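Shown next, in structure tokens, is the structure this report addresses.
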Amino acid sequence: MKKILNILTLAVVALAFTSCDDLFKPAIENNLGLDYMYNNAGYAEGVLGNAYTRIPCGSFPFSEVGTDDAVSNDPTNNYRKITAGSWTSDNNPTERWRDCRAGITYVNLFLSKADKVHWADDEVAAGMFKDREMGEAYGMRAMFMYYLLQAHGGFDAQGNLLGVPIVNTAEDVNSEFNVPRNTFAECMKAIYDDCQKALELLPTNYADISSDAQIPTKYKGASTGQYNRVFGSIFNGRMNGAIVEAFRSKAALLAASPAFQASGAKWEDAANYSAQVLDRIGGVSGMDKNGWTWYGNTNEIDGLANGVCPKEVLWRGEKSSNNDWETDNFPPSLYGKGLINPTQNFVDAFPDKNGYPINVSTIYKDTIPYANRDPRLAAYVVLNGGQVGVNQTPINTATDATDSKDNTKPNKDGINHFSGSSTRTGYYLRKLLRQDVNLDPTATSKQMHYTPRIRFTEIFLNYAEAANEAWGPTGNGGHGYSAYDIIVALHNRAGVGNDYLESIKTDKDKMRQLIRNERRIELSFEGFRFWDLRRWNAPLTEKATGMSINSAKKTYSYVDVETRDYKDYMNYGPIPYSEVLKFDQLQQNKGWELK
């Protein structure tokens, strides 16, 4: 992780070299061109470091506000605006074009020079450094292409499924920038090609070895010290083979999904690529039993060494001491802003304790709606009466509460209204938040947090979805586990029964819905549902609802909170208007032409 910080520092320094000038006397020697990389490995790393600074999965965007899972009490929230119909190609909070294309530009510049860089005086180490750095670059380029396809892939007016322009060479002032988009299938091939190149050059994980016998065959002749210098644990946090395999799994799932199946992608490929990642941890037996509460495993988080990932996490960001998520999302009575409010739609997605959806459950009662439910509900959502914070303060969201800052305010029209930072739905967010943070101004505390960039739970769910489509609920395609086995394991670790699962395990369609619901729950508020609904071609216009609770009467009433104004073409995001305006060869996705 220290190495990552060094890279980012070098990135800033590299930019400074090309822009700083003495105020009184020209300093031409400081205007360093790319050829300076040849004799300065640090400068070369700075170029690649610029790509690292553009990683799209570095934080949670809370895009759930744009779905049926959440609303925000902040009227300026960009996702709240797009649900109201103001999503356009020049006002697009989901846009990834600029950062991902810029990341690819830096990768291409780096790759165009990497072969000639003097990586080290030690020739053996220099060769290994070159391999690793180029492997990282290929992996980064595949990652950026995946995010571009997710955000901007779509059909043009003629019905062609397009991706983005493929640019795999360094560009200069003489390059042709006015080029058409490649097909989605061509972009997927580019991802797979870059993944293969990266995997040929990168270790699966960075780790120190203790004997020469552990050195890979292609580096025989190197010493243990030389190998650790290049591929040792100090580089944890940088792109490695396991991360590349995970992005290949994510890309394959995207391409096989209903919205992009015209690309010719196959569910079998998506399942097999996911299985490659999972087999490295022992398949289902390697699932972290505490992975569903990764954000609240305080001893584990506090004890993480630099760059080391917990069992649940394949790739993560830096660990830092802060209270940002709590400040934004704790209830107002605990000095929070209560920004993200889970909807009743989301609450209803949690089954009963036996795994049955509440609409078919025999133990769910709408007079006691939070009893006999999936334990993940109380872990992820602050329910009325739920205890929050260091003092386990009960949170009262009932409309008849007279002494609470946390409740919704009923009006004569029967619709819940809110005051400032109070909940709009009757719920607050609990997931992601550490309960040992105290926001009281007289005793404000900060605790360690990190953002997981890739969790193994995501890959398990990738496999379950693809395997069910490819081989049915209990088929495994030659792997040691099925979609059914994955859901059993997820339920067992959360304390959910499998009665319903047993009743549908021969029905692919019902299993599909169950898997999608598990994904909705397990990956909630980590930035997935906004994209999942679109790749599934699922309805986007479901009205966001809340719960009006009257404690005295012990009544629970559904209320409408927010409508969703999406058009059919919005399953596919737009190409930025500014880009289409500049380049007439760049085709816009259908429906966005004048938006």
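Each chain in the structure tokens gets a letter, A, B and so on, in the order shown; residues start at 1 in every chain, and ligands are counted from 1 in the order they appear.
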
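Those residues that approach A:Ala379 to within 8 Å, counting only C-alpha atoms, are Thr293, Pro375, Arg430 and Lys431 of chain A; same-chain residues fewer than 4 positions away are not listed.
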
Quick check for you: according to DSSP on this backbone, which residues of stretch 151-291 of chain A are classed as strand (DSSP E)? Reply as a PyMOL selection string. chain A and resi 154-155+161-162

Here atom CA of A:Asn537 and atom CA of A:Arg248 stand apart by 21.6 Å

Fewer than 3 positions away in the same chain doesn't count, so skip those; otherwise give me all residues within 9 Å of A:Asn73, counting only C-alpha atoms, as an NGL selection string. :A and (76-77 or 337-341 or 418 or 420-424)

Between atom CA of A:Pro258 and atom CA of A:Phe350, distance in Å (one decimal):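 Between these atoms lies a distance of 24.7 Å.
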
Those in stretch 324-400 of chain A with alpha helix (DSSP H) from DSSP, as a PyMOL selection string: chain A and resi 324-329+344-348+375-380

With a distance cut-off of 9 Å and only C-alpha atoms, select the neighbouring residues of A:Lys197, excluding the residue or stretch itself and same-chain residues fewer than 6 positions from it, and output the selection as a ChimeraX atom specification. /A:134-135,138-139

Atoms to include: N, CA, C and O atoms. Write the selected residues as a short mmCIF file (atom, residue, chain, number, x, y, z; two decimals), in the first residue's frame.
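That gives us selection.cif:
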```
data_model
loop_
_atom_site.label_atom_id
_atom_site.label_comp_id
_atom_site.auth_asym_id
_atom_site.auth_seq_id
_atom_site.Cartn_x
_atom_site.Cartn_y
_atom_site.Cartn_z
N MET A 134 4.07 -3.73 -16.97
CA MET A 134 3.27 -3.87 -18.18
C MET A 134 2.02 -4.71 -17.92
O MET A 134 0.94 -4.42 -18.43
N GLY A 135 2.15 -5.73 -17.07
CA GLY A 135 0.99 -6.53 -16.70
C GLY A 135 -0.05 -5.69 -15.99
O GLY A 135 -1.25 -5.81 -16.27
N TYR A 138 -1.86 -3.56 -18.68
CA TYR A 138 -2.86 -4.31 -19.46
C TYR A 138 -4.11 -4.58 -18.61
O TYR A 138 -5.24 -4.48 -19.10
N GLY A 139 -3.91 -4.94 -17.35
CA GLY A 139 -5.04 -5.18 -16.47
C GLY A 139 -5.86 -3.93 -16.25
O GLY A 139 -7.10 -3.98 -16.24
#
```

When distances are computed from only C-alpha atoms, which of A:Val496, A:Ala371, A:Ile487, A:Ala466 shows the smallest separation from A:Ser257?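 Checking each candidate against A:Ser257, we get A:Ala466 as the closest.
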
Could you pull the residues within 10 Å of stretch 164-168 of chain A, counting only C-alpha atoms, minus those fewer than 5 positions along the same chain, as a CSV table (one decimal) with C-alpha atoms, in the first residue's frame?
```csv
chain,number,residue,atom,x,y,z
A,97,TRP,CA,-16.2,8.5,-20.4
A,101,ARG,CA,-10.7,7.2,-21.5
A,104,ILE,CA,-6.5,4.3,-21.0
A,105,THR,CA,-4.6,7.2,-22.5
A,107,VAL,CA,-1.9,3.3,-19.9
A,108,ASN,CA,-1.2,3.6,-23.7
A,109,LEU,CA,1.5,6.2,-23.1
A,111,LEU,CA,3.0,0.9,-22.7
A,112,SER,CA,4.5,2.7,-25.7
A,138,TYR,CA,-2.9,-4.3,-19.5
A,141,ARG,CA,-6.8,-1.1,-19.6
A,145,MET,CA,-12.9,-0.8,-20.9
A,148,LEU,CA,-16.9,2.2,-20.3
A,149,LEU,CA,-19.1,-0.7,-21.6
A,152,HIS,CA,-21.9,3.7,-22.4
A,153,GLY,CA,-22.5,0.5,-24.3
A,154,GLY,CA,-25.8,0.5,-26.2
A,177,PHE,CA,-9.5,11.3,-32.9
A,178,ASN,CA,-12.7,11.4,-35.0
A,179,VAL,CA,-13.3,7.6,-35.1
A,180,PRO,CA,-16.5,5.5,-34.8
A,181,ARG,CA,-17.3,3.3,-31.9
A,182,ASN,CA,-16.3,-0.4,-32.1
A,183,THR,CA,-19.0,-3.0,-31.7
A,184,PHE,CA,-19.7,-4.3,-28.2
A,186,GLU,CA,-15.0,-6.2,-30.4
A,187,CYS,CA,-14.7,-4.3,-27.1
A,190,ALA,CA,-10.2,-6.3,-26.4
A,194,ASP,CA,-5.7,-7.5,-22.4
A,575,ILE,CA,-22.2,9.1,-24.9
A,586,LEU,CA,-19.1,9.0,-32.8
A,587,GLN,CA,-22.6,7.5,-32.9
```

One number please: atom CA of A:Asn40 to atom CA of A:Ala142, in Å, one decimal.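 Interatomic distance, atom CA of A:Asn40 to atom CA of A:Ala142: 26.1 Å.
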
Residue nearest A:Arg229 among A:Arg132, A:Lys113, A:Lys189, A:Lys405 (counting only C-alpha atoms): A:Arg132
